[in-house]
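Listing of query_12.csv, CSV, C-alpha atoms (C1' of nucleotides)
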```
chain,number,residue,atom,x,y,z
A,140,MET,CA,14.2,-40.6,-33.8
A,141,GLU,CA,11.5,-40.4,-36.5
A,142,GLN,CA,8.9,-43.1,-36.8
A,143,LYS,CA,6.5,-43.7,-39.7
A,144,TYR,CA,3.1,-45.2,-40.2
A,145,ILE,CA,1.3,-45.6,-43.6
A,146,LEU,CA,-2.4,-46.0,-43.8
A,147,GLU,CA,-3.7,-47.3,-47.1
A,148,ASN,CA,-7.1,-46.9,-48.8
A,149,GLN,CA,-8.8,-44.8,-46.2
A,150,ASN,CA,-11.4,-42.7,-48.0
A,151,SER,CA,-12.6,-40.8,-45.0
A,152,PHE,CA,-9.5,-38.9,-44.3
A,153,ASN,CA,-8.7,-35.4,-45.6
A,154,SER,CA,-6.2,-33.3,-43.7
A,155,THR,CA,-7.7,-30.0,-44.6
A,156,HIS,CA,-11.2,-31.2,-43.6
A,157,ILE,CA,-9.9,-32.6,-40.3
A,158,PHE,CA,-7.6,-29.7,-39.3
A,159,GLU,CA,-9.7,-26.8,-40.6
A,160,CYS,CA,-13.1,-27.8,-39.2
A,161,GLY,CA,-12.6,-25.9,-36.0
A,162,GLN,CA,-11.9,-28.8,-33.6
A,163,CYS,CA,-8.1,-28.3,-33.1
A,164,PHE,CA,-5.7,-25.4,-32.9
A,165,ARG,CA,-2.2,-26.9,-33.1
A,166,TRP,CA,-1.9,-28.1,-36.7
A,167,ASN,CA,-0.3,-26.0,-39.3
A,168,LYS,CA,-0.1,-26.3,-43.1
A,169,GLU,CA,3.3,-26.8,-44.7
A,170,GLU,CA,4.2,-25.9,-48.3
A,171,ASP,CA,2.6,-28.7,-50.3
A,172,ASN,CA,-0.6,-29.1,-48.3
A,173,ASN,CA,0.7,-31.5,-45.7
A,174,TYR,CA,0.2,-30.6,-42.0
A,175,THR,CA,2.5,-30.7,-39.0
A,176,GLY,CA,1.0,-30.7,-35.5
A,177,ILE,CA,1.6,-31.7,-31.9
A,178,PHE,CA,-0.5,-33.8,-29.5
A,179,LYS,CA,0.6,-35.3,-26.2
A,180,ASN,CA,4.4,-35.6,-26.5
A,181,ASN,CA,4.3,-36.3,-30.2
A,182,VAL,CA,5.1,-34.1,-33.2
A,183,ILE,CA,3.6,-35.6,-36.3
A,184,ASN,CA,3.5,-34.7,-40.0
A,185,VAL,CA,0.6,-35.9,-42.1
A,186,LYS,CA,1.1,-36.2,-45.8
A,187,GLU,CA,-1.4,-37.5,-48.3
A,188,GLU,CA,-0.4,-39.4,-51.4
A,189,LYS,CA,-2.7,-41.3,-53.7
A,190,ASN,CA,-4.3,-44.1,-51.7
A,191,GLN,CA,-1.9,-43.4,-48.8
A,192,ILE,CA,-1.9,-41.3,-45.7
A,193,ILE,CA,1.7,-41.0,-44.4
A,194,PHE,CA,2.2,-40.2,-40.7
A,195,SER,CA,5.8,-39.5,-39.7
A,196,GLY,CA,7.4,-37.8,-36.7
A,197,ILE,CA,8.6,-38.0,-33.2
A,198,CYS,CA,6.5,-40.2,-31.0
A,199,GLU,CA,6.8,-41.2,-27.4
A,200,GLY,CA,5.0,-44.5,-27.9
A,201,ASP,CA,4.3,-46.4,-31.1
A,202,ILE,CA,3.3,-44.0,-33.9
A,203,LYS,CA,0.7,-46.5,-35.3
A,204,GLU,CA,-1.1,-46.8,-32.0
A,205,GLU,CA,-0.9,-43.1,-31.3
A,206,CYS,CA,-2.3,-42.2,-34.6
A,207,ILE,CA,-5.0,-44.8,-34.6
A,208,ASN,CA,-6.2,-43.4,-31.3
A,209,TYR,CA,-5.8,-39.7,-32.1
A,210,PHE,CA,-7.3,-39.8,-35.6
A,211,ASP,CA,-10.1,-42.2,-34.5
A,212,LEU,CA,-9.0,-44.7,-37.2
A,213,ASP,CA,-10.9,-47.6,-35.8
A,214,GLN,CA,-14.1,-45.7,-36.4
A,215,ASP,CA,-16.0,-46.6,-39.6
A,216,TYR,CA,-16.8,-43.2,-41.1
A,217,GLU,CA,-18.1,-44.7,-44.3
A,218,SER,CA,-21.0,-46.2,-42.5
A,219,ILE,CA,-21.5,-43.2,-40.3
A,220,LYS,CA,-21.7,-41.0,-43.4
A,221,ASN,CA,-24.1,-43.4,-45.1
A,222,ARG,CA,-26.4,-43.3,-42.1
A,223,LEU,CA,-26.3,-39.5,-41.8
A,224,SER,CA,-26.7,-38.9,-45.5
A,225,LYS,CA,-30.1,-40.7,-45.5
A,226,ILE,CA,-31.5,-38.1,-43.0
A,227,ASP,CA,-31.9,-35.2,-45.4
A,228,ASN,CA,-30.4,-33.6,-48.5
A,229,TYR,CA,-28.9,-30.6,-46.7
A,230,LEU,CA,-26.8,-32.9,-44.5
A,231,ALA,CA,-26.0,-35.2,-47.4
A,232,ASN,CA,-24.6,-32.3,-49.3
A,233,SER,CA,-22.5,-31.0,-46.5
A,234,ILE,CA,-21.1,-34.5,-45.9
A,235,LYS,CA,-20.1,-34.6,-49.6
A,236,TYR,CA,-18.3,-31.3,-49.1
A,237,GLY,CA,-16.4,-32.4,-45.9
A,238,GLU,CA,-16.2,-36.1,-46.7
A,239,GLY,CA,-12.8,-36.4,-45.1
A,240,ILE,CA,-13.7,-35.0,-41.7
A,241,ARG,CA,-12.8,-37.1,-38.6
A,242,ILE,CA,-13.4,-36.1,-35.0
A,243,LEU,CA,-10.0,-36.2,-33.3
A,244,ASN,CA,-9.5,-37.8,-29.9
A,245,GLN,CA,-7.9,-34.9,-28.2
A,246,ASP,CA,-6.3,-34.7,-24.7
A,247,LEU,CA,-8.9,-33.6,-22.1
A,248,TRP,CA,-6.8,-31.0,-20.3
A,249,GLU,CA,-5.6,-29.4,-23.5
A,250,THR,CA,-9.2,-29.3,-24.8
A,251,ILE,CA,-10.6,-27.7,-21.7
A,252,ILE,CA,-8.0,-24.9,-21.6
A,253,SER,CA,-8.1,-24.4,-25.4
A,254,PHE,CA,-11.9,-23.9,-25.5
A,255,ILE,CA,-11.9,-21.6,-22.4
A,256,ILE,CA,-9.5,-19.5,-24.5
A,257,SER,CA,-11.8,-19.7,-27.5
A,258,ALA,CA,-14.6,-17.8,-25.8
A,259,ASN,CA,-15.5,-14.6,-27.8
A,260,ASN,CA,-12.3,-15.1,-29.8
A,261,ASN,CA,-11.2,-15.8,-33.3
A,262,ILE,CA,-9.1,-18.8,-34.5
A,263,PRO,CA,-5.9,-17.0,-35.5
A,264,ARG,CA,-5.8,-15.4,-32.1
A,265,ILE,CA,-6.7,-18.6,-30.2
A,266,LYS,CA,-3.8,-20.4,-32.0
A,267,GLY,CA,-1.4,-17.6,-31.2
A,268,ILE,CA,-2.3,-17.7,-27.5
A,269,ILE,CA,-1.9,-21.5,-27.3
A,270,GLU,CA,1.4,-21.4,-29.1
A,271,ARG,CA,2.8,-18.8,-26.6
A,272,LEU,CA,1.5,-20.8,-23.6
A,273,ALA,CA,3.2,-23.9,-25.0
A,274,LYS,CA,6.4,-22.1,-25.7
A,275,GLN,CA,6.5,-20.6,-22.3
A,276,TYR,CA,5.5,-23.6,-20.2
A,277,GLY,CA,5.6,-26.7,-22.3
A,278,LYS,CA,8.4,-29.1,-23.2
A,279,GLU,CA,10.5,-28.6,-26.3
A,280,ILE,CA,10.7,-31.2,-29.0
A,281,GLU,CA,12.8,-30.8,-32.1
A,282,PHE,CA,11.6,-32.2,-35.4
A,283,ARG,CA,13.3,-31.7,-38.8
A,284,GLY,CA,15.2,-28.7,-37.5
A,285,LYS,CA,12.3,-26.9,-36.1
A,286,LYS,CA,11.2,-26.5,-32.4
A,287,TYR,CA,7.8,-27.6,-31.2
A,288,TYR,CA,6.3,-27.3,-27.7
A,289,THR,CA,4.0,-29.6,-25.9
A,290,PHE,CA,0.8,-28.3,-24.4
A,291,PRO,CA,1.7,-27.6,-20.7
A,292,THR,CA,0.3,-29.8,-18.0
A,293,PRO,CA,-1.5,-28.4,-14.9
A,294,GLU,CA,1.8,-28.9,-13.0
A,295,GLU,CA,3.8,-27.0,-15.6
A,296,LEU,CA,1.3,-24.2,-15.3
A,297,SER,CA,1.2,-24.2,-11.5
A,298,ASN,CA,3.5,-21.3,-11.1
A,299,ALA,CA,1.9,-19.1,-13.7
A,300,SER,CA,0.1,-16.0,-12.3
A,301,ILE,CA,-3.0,-14.3,-13.6
A,302,GLU,CA,-0.7,-11.5,-14.8
A,303,ASP,CA,1.6,-14.0,-16.6
A,304,PHE,CA,-1.5,-15.2,-18.5
A,305,ARG,CA,-2.5,-11.7,-19.3
A,306,LYS,CA,0.9,-11.0,-20.7
A,307,LEU,CA,0.5,-13.9,-23.1
A,308,GLY,CA,-2.6,-12.2,-24.5
A,309,LEU,CA,-5.4,-14.2,-22.8
A,310,GLY,CA,-7.3,-11.1,-22.0
A,311,PHE,CA,-10.2,-11.5,-19.6
A,312,ARG,CA,-9.8,-15.2,-19.8
A,313,ASP,CA,-6.7,-15.0,-17.7
A,314,VAL,CA,-8.6,-15.5,-14.4
A,315,ARG,CA,-10.6,-18.4,-15.8
A,316,VAL,CA,-7.5,-20.3,-16.9
A,317,TYR,CA,-5.7,-19.5,-13.7
A,318,GLU,CA,-8.5,-20.8,-11.6
A,319,THR,CA,-9.0,-23.9,-13.7
A,320,VAL,CA,-5.3,-24.7,-13.3
A,321,GLN,CA,-5.5,-24.2,-9.5
A,322,LYS,CA,-8.7,-26.2,-9.1
A,323,THR,CA,-7.2,-29.1,-11.2
A,324,LEU,CA,-4.0,-29.1,-9.0
A,325,ASN,CA,-6.1,-29.3,-5.8
A,326,LYS,CA,-8.3,-32.0,-7.3
A,327,GLU,CA,-11.5,-29.9,-7.1
A,328,ILE,CA,-11.5,-30.6,-10.8
A,329,ASP,CA,-10.8,-34.3,-11.4
A,330,LEU,CA,-9.8,-35.0,-14.9
A,331,VAL,CA,-9.8,-38.8,-14.5
A,332,LYS,CA,-13.3,-38.7,-13.1
A,333,LEU,CA,-14.5,-36.6,-16.1
A,334,GLU,CA,-12.9,-39.0,-18.5
A,335,ASN,CA,-14.8,-41.9,-17.0
A,336,GLU,CA,-18.2,-40.3,-16.7
A,337,ASN,CA,-20.3,-41.7,-19.5
A,338,ASN,CA,-23.6,-40.0,-18.7
A,339,VAL,CA,-23.7,-36.9,-20.9
A,340,GLU,CA,-26.0,-35.0,-18.6
A,341,THR,CA,-23.9,-35.7,-15.5
A,342,LEU,CA,-20.8,-34.9,-17.4
A,343,ARG,CA,-22.1,-31.6,-18.7
A,344,GLU,CA,-23.1,-30.6,-15.1
A,345,GLU,CA,-19.5,-31.3,-13.9
A,346,LEU,CA,-17.9,-29.5,-16.8
A,347,LEU,CA,-20.1,-26.4,-16.2
A,348,LYS,CA,-18.5,-26.1,-12.8
A,349,ILE,CA,-15.2,-25.3,-14.4
A,350,PRO,CA,-14.5,-21.5,-14.6
A,351,GLY,CA,-14.8,-20.3,-18.1
A,352,VAL,CA,-16.8,-23.3,-19.2
A,353,GLY,CA,-20.4,-22.5,-20.4
A,354,PRO,CA,-22.8,-24.6,-22.4
A,355,LYS,CA,-21.0,-24.1,-25.8
A,356,VAL,CA,-17.5,-24.9,-24.4
A,357,ALA,CA,-18.8,-27.9,-22.4
A,358,ASP,CA,-20.3,-29.3,-25.6
A,359,CYS,CA,-17.0,-28.8,-27.5
A,360,ILE,CA,-15.1,-30.6,-24.8
A,361,MET,CA,-17.5,-33.5,-24.8
A,362,LEU,CA,-17.4,-33.8,-28.6
A,363,PHE,CA,-13.7,-33.1,-29.3
A,364,SER,CA,-12.1,-34.9,-26.4
A,365,LEU,CA,-14.6,-37.3,-24.8
A,366,LYS,CA,-16.2,-38.9,-27.9
A,367,LYS,CA,-19.7,-37.8,-27.1
A,368,TYR,CA,-21.0,-37.9,-30.6
A,369,GLN,CA,-24.5,-37.0,-29.6
A,370,VAL,CA,-23.8,-33.5,-28.3
A,371,PHE,CA,-24.4,-30.6,-30.6
A,372,PRO,CA,-22.3,-27.5,-29.9
A,373,VAL,CA,-24.1,-24.3,-31.1
A,374,ASP,CA,-21.9,-21.4,-32.1
A,375,VAL,CA,-22.8,-18.5,-34.3
A,376,TRP,CA,-22.1,-20.5,-37.5
A,377,VAL,CA,-24.2,-23.5,-36.5
A,378,ARG,CA,-27.0,-21.3,-35.4
A,379,ARG,CA,-26.8,-19.6,-38.7
A,380,VAL,CA,-26.7,-22.7,-40.9
A,381,ILE,CA,-29.6,-24.5,-39.1
A,382,SER,CA,-31.7,-21.3,-39.1
A,383,GLU,CA,-31.1,-20.8,-42.8
A,384,LEU,CA,-31.8,-24.4,-43.9
A,385,TYR,CA,-34.5,-25.5,-41.6
A,386,PHE,CA,-36.2,-22.4,-40.2
A,387,GLU,CA,-36.6,-20.3,-43.3
A,388,ASN,CA,-33.7,-18.1,-42.3
A,389,GLU,CA,-35.5,-17.1,-39.0
A,390,GLU,CA,-32.8,-16.9,-36.3
A,391,GLN,CA,-33.5,-19.5,-33.6
A,392,LYS,CA,-32.4,-19.7,-30.0
A,393,PRO,CA,-29.6,-22.1,-29.2
A,394,LYS,CA,-32.0,-24.2,-27.2
A,395,THR,CA,-34.4,-24.6,-30.1
A,396,ILE,CA,-31.5,-25.5,-32.3
A,397,GLN,CA,-30.3,-28.2,-30.0
A,398,GLY,CA,-33.8,-29.7,-29.6
A,399,PHE,CA,-34.1,-29.7,-33.4
A,400,ALA,CA,-30.7,-31.3,-33.8
A,401,LYS,CA,-31.5,-34.1,-31.4
A,402,LYS,CA,-34.7,-34.9,-33.2
A,403,GLN,CA,-33.3,-34.6,-36.7
A,404,TYR,CA,-29.8,-36.2,-36.3
A,405,GLY,CA,-30.2,-38.4,-33.2
A,406,ASP,CA,-27.1,-40.0,-31.6
A,407,LEU,CA,-24.7,-38.7,-34.2
A,408,ALA,CA,-25.8,-35.1,-34.0
A,409,GLY,CA,-22.3,-34.0,-33.1
A,410,LEU,CA,-20.9,-35.4,-36.3
A,411,ALA,CA,-23.7,-33.8,-38.3
A,412,GLN,CA,-22.7,-30.5,-36.6
A,413,GLN,CA,-19.1,-30.8,-37.9
A,414,TYR,CA,-20.1,-31.4,-41.5
A,415,LEU,CA,-22.7,-28.5,-41.5
A,416,PHE,CA,-20.3,-26.1,-39.7
A,417,TYR,CA,-17.4,-26.9,-42.1
A,418,TRP,CA,-19.6,-26.5,-45.2
A,419,ARG,CA,-21.3,-23.3,-44.0
A,420,ARG,CA,-18.2,-21.5,-42.7
A,421,ASP,CA,-16.3,-22.2,-45.9
A,422,LEU,CA,-19.0,-20.4,-47.9
A,423,ALA,CA,-18.4,-17.2,-45.9
B,77,DA,C1',-11.7,2.5,-38.5
B,78,DT,C1',-15.1,0.2,-35.5
B,79,DG,C1',-17.3,-4.1,-35.3
B,80,DC,C1',-16.6,-8.6,-34.9
B,81,DA,C1',-14.7,-13.4,-33.4
B,82,DG,C1',-16.4,-20.6,-32.1
B,83,DG,C1',-19.1,-16.9,-24.8
B,84,DC,C1',-19.1,-16.4,-20.0
B,85,DG,C1',-20.4,-14.3,-15.9
B,86,DC,C1',-22.7,-10.9,-13.7
B,87,DG,C1',-26.6,-8.0,-12.3
B,88,DC,C1',-31.2,-7.0,-12.7
B,89,DA,C1',-36.2,-8.2,-13.3
C,281,DT,C1',-34.8,-18.5,-15.2
C,282,DG,C1',-34.3,-15.4,-18.5
C,283,DC,C1',-32.5,-11.6,-20.4
C,284,DG,C1',-28.9,-7.7,-21.5
C,285,DC,C1',-24.5,-6.1,-21.3
C,286,DG,C1',-19.4,-5.7,-20.6
C,287,DC,C1',-15.1,-7.7,-21.4
C,288,DC,C1',-9.2,-8.4,-23.5
C,289,DT,C1',-7.4,-8.2,-27.9
C,290,DG,C1',-6.2,-8.4,-32.8
C,291,DC,C1',-7.8,-8.5,-37.2
C,292,DA,C1',-10.7,-7.2,-41.4
```
Render the structure in this file as structure tokens.
Amino acid sequence: MEQKYILENQNSFNSTHIFECGQCFRWNKEEDNNYTGIFKNNVINVKEEKNQIIFSGICEGDIKEECINYFDLDQDYESIKNRLSKIDNYLANSIKYGEGIRILNQDLWETIISFIISANNNIPRIKGIIERLAKQYGKEIEFRGKKYYTFPTPEELSNASIEDFRKLGLGFRDVRVYETVQKTLNKEIDLVKLENENNVETLREELLKIPGVGPKVADCIMLFSLKKYQVFPVDVWVRRVISELYFENEEQKPKTIQGFAKKQYGDLAGLAQQYLFYWRRDLA
DNA sequence: ATGCAGGCGCGCA
DNA sequence: TGCGCGCCTGCA
């Protein structure tokens, strides 16, 4: 049964900015610019009218609570943007460009597996792989006549072999995902412990023990699922944009970039990263 | 068509 | 510890 939640007068919310800024893989654009996506056991459509954001869909719990949590609606992005805009004009301009970005509060397990898959990969292919994984191993939910599939839990993936993953197109990431599933099932990887670890350095160390998780993927997991707004994932685009703007187009090493980001943007570096990434990648 | 795409893991100094 | 290189695959 469909539920609905309407959010009024929220200026910092733009579906395109939120869903196309590289943080998520399971939202797809419908005809008139609204988006349908799936998180946890919820299938939600997001539609923007003047002064209104309309969330509707199939929800396990209360749609309002689910959306407030997932879309980080208790966070005051206006004041965050004001703070960041004072830092420098490059950042201020990119914030204007992606003014409706919000960092989603995504499921930890899904984020770990999705970003392992993202390694040396492109977004259309990442999305395809995740859809096939969900269709094969997730639970089906029907919404407005279409079928959607939840992201499979470790238990639902427990019988999948390396070869099964390879057939779904994971490529060399098959072993990494397989081992991560197994280590999660036998508690070598403890998702609850990871969720409760608030020290970023300790957390990063723990995440780096997961097969297929290197520095970039660890940072993405911390930013996109664990609300660690100070981490600054450095991918090719971020490396490019920071080098261009602040280092006279001289390519810098990721470590230099991260040091610079910490100094320049401080405890909201991760949010700055999203605005800069979205702005720069859209130019290309 | 051949390099590239949101890296990681390995081997070698 | 710091590099360089190979890797599945699909898409431009």
**Request:** Taking all atoms listed in the file into account, report as an NGL selection string which residues of chain A lie within 6 Å of chain B.
**Result:** :A and (258-261 or 374)
**Request:** Can you work out the spacing between atom C1' of DG282 of chain C and atom CA of Lys355 of chain A in Å, to one decimal?
**Result:**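 Taking atom C1' of DG282 of chain C and atom CA of Lys355 of chain A, their separation equals 17.5 Å.
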**Asked** Near Gln142 of chain A, counting all atoms listed in the file, which residues have an atom at most 7 Å away, once you skip same-chain residues fewer than 5 positions from it, shown as number ranges by chain?
**Response** A: 195-198, 202
**Item:** Surrounding residues of Glu141 of chain A excluding itself and chain neighbours under 2 positions, 12 Å, only C-alpha atoms (C1' of nucleotides), as a list in words
**Value:**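 Once the adjacent positions are removed, what remains is Lys143, Tyr144, Asn181, Val182, Ile183, Asn184, Phe194, Ser195, Gly196, Ile197, Cys198, Glu199, Gly200, Asp201, Ile202, Ile280, Glu281, Phe282 and Arg283 of chain A.
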Create the file for the chosen residues now, containing C-alpha atoms and written as a PDB file, keeping the file's coordinate frame.
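Once everything was written out, this is selection.pdb:
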```
ATOM      1  CA  LYS A 143       6.500 -43.700 -39.700  1.00  0.00           C
ATOM      2  CA  TYR A 144       3.100 -45.200 -40.200  1.00  0.00           C
ATOM      3  CA  ASN A 181       4.300 -36.300 -30.200  1.00  0.00           C
ATOM      4  CA  VAL A 182       5.100 -34.100 -33.200  1.00  0.00           C
ATOM      5  CA  ILE A 183       3.600 -35.600 -36.300  1.00  0.00           C
ATOM      6  CA  ASN A 184       3.500 -34.700 -40.000  1.00  0.00           C
ATOM      7  CA  PHE A 194       2.200 -40.200 -40.700  1.00  0.00           C
ATOM      8  CA  SER A 195       5.800 -39.500 -39.700  1.00  0.00           C
ATOM      9  CA  GLY A 196       7.400 -37.800 -36.700  1.00  0.00           C
ATOM     10  CA  ILE A 197       8.600 -38.000 -33.200  1.00  0.00           C
ATOM     11  CA  CYS A 198       6.500 -40.200 -31.000  1.00  0.00           C
ATOM     12  CA  GLU A 199       6.800 -41.200 -27.400  1.00  0.00           C
ATOM     13  CA  GLY A 200       5.000 -44.500 -27.900  1.00  0.00           C
ATOM     14  CA  ASP A 201       4.300 -46.400 -31.100  1.00  0.00           C
ATOM     15  CA  ILE A 202       3.300 -44.000 -33.900  1.00  0.00           C
ATOM     16  CA  ILE A 280      10.700 -31.200 -29.000  1.00  0.00           C
ATOM     17  CA  GLU A 281      12.800 -30.800 -32.100  1.00  0.00           C
ATOM     18  CA  PHE A 282      11.600 -32.200 -35.400  1.00  0.00           C
ATOM     19  CA  ARG A 283      13.300 -31.700 -38.800  1.00  0.00           C
TER      20      ARG A 283
END
```
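Distance criterion 10 Å to chain A, applied with only C-alpha atoms (C1' of nucleotides), yields C:DC287, C:DC288, C:DT289, C:DG290, C:DC291 on chain C.
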**Message:** What's the separation between atom CA of Asn335 of chain A and atom CA of Leu247 of chain A, in Å to one decimal place?
**Reply:**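 The value is 11.4 Å.
Taking atom CA of Leu330 of chain A as the reference point, atom CA of Phe254 of chain A is found at 15.5 Å.
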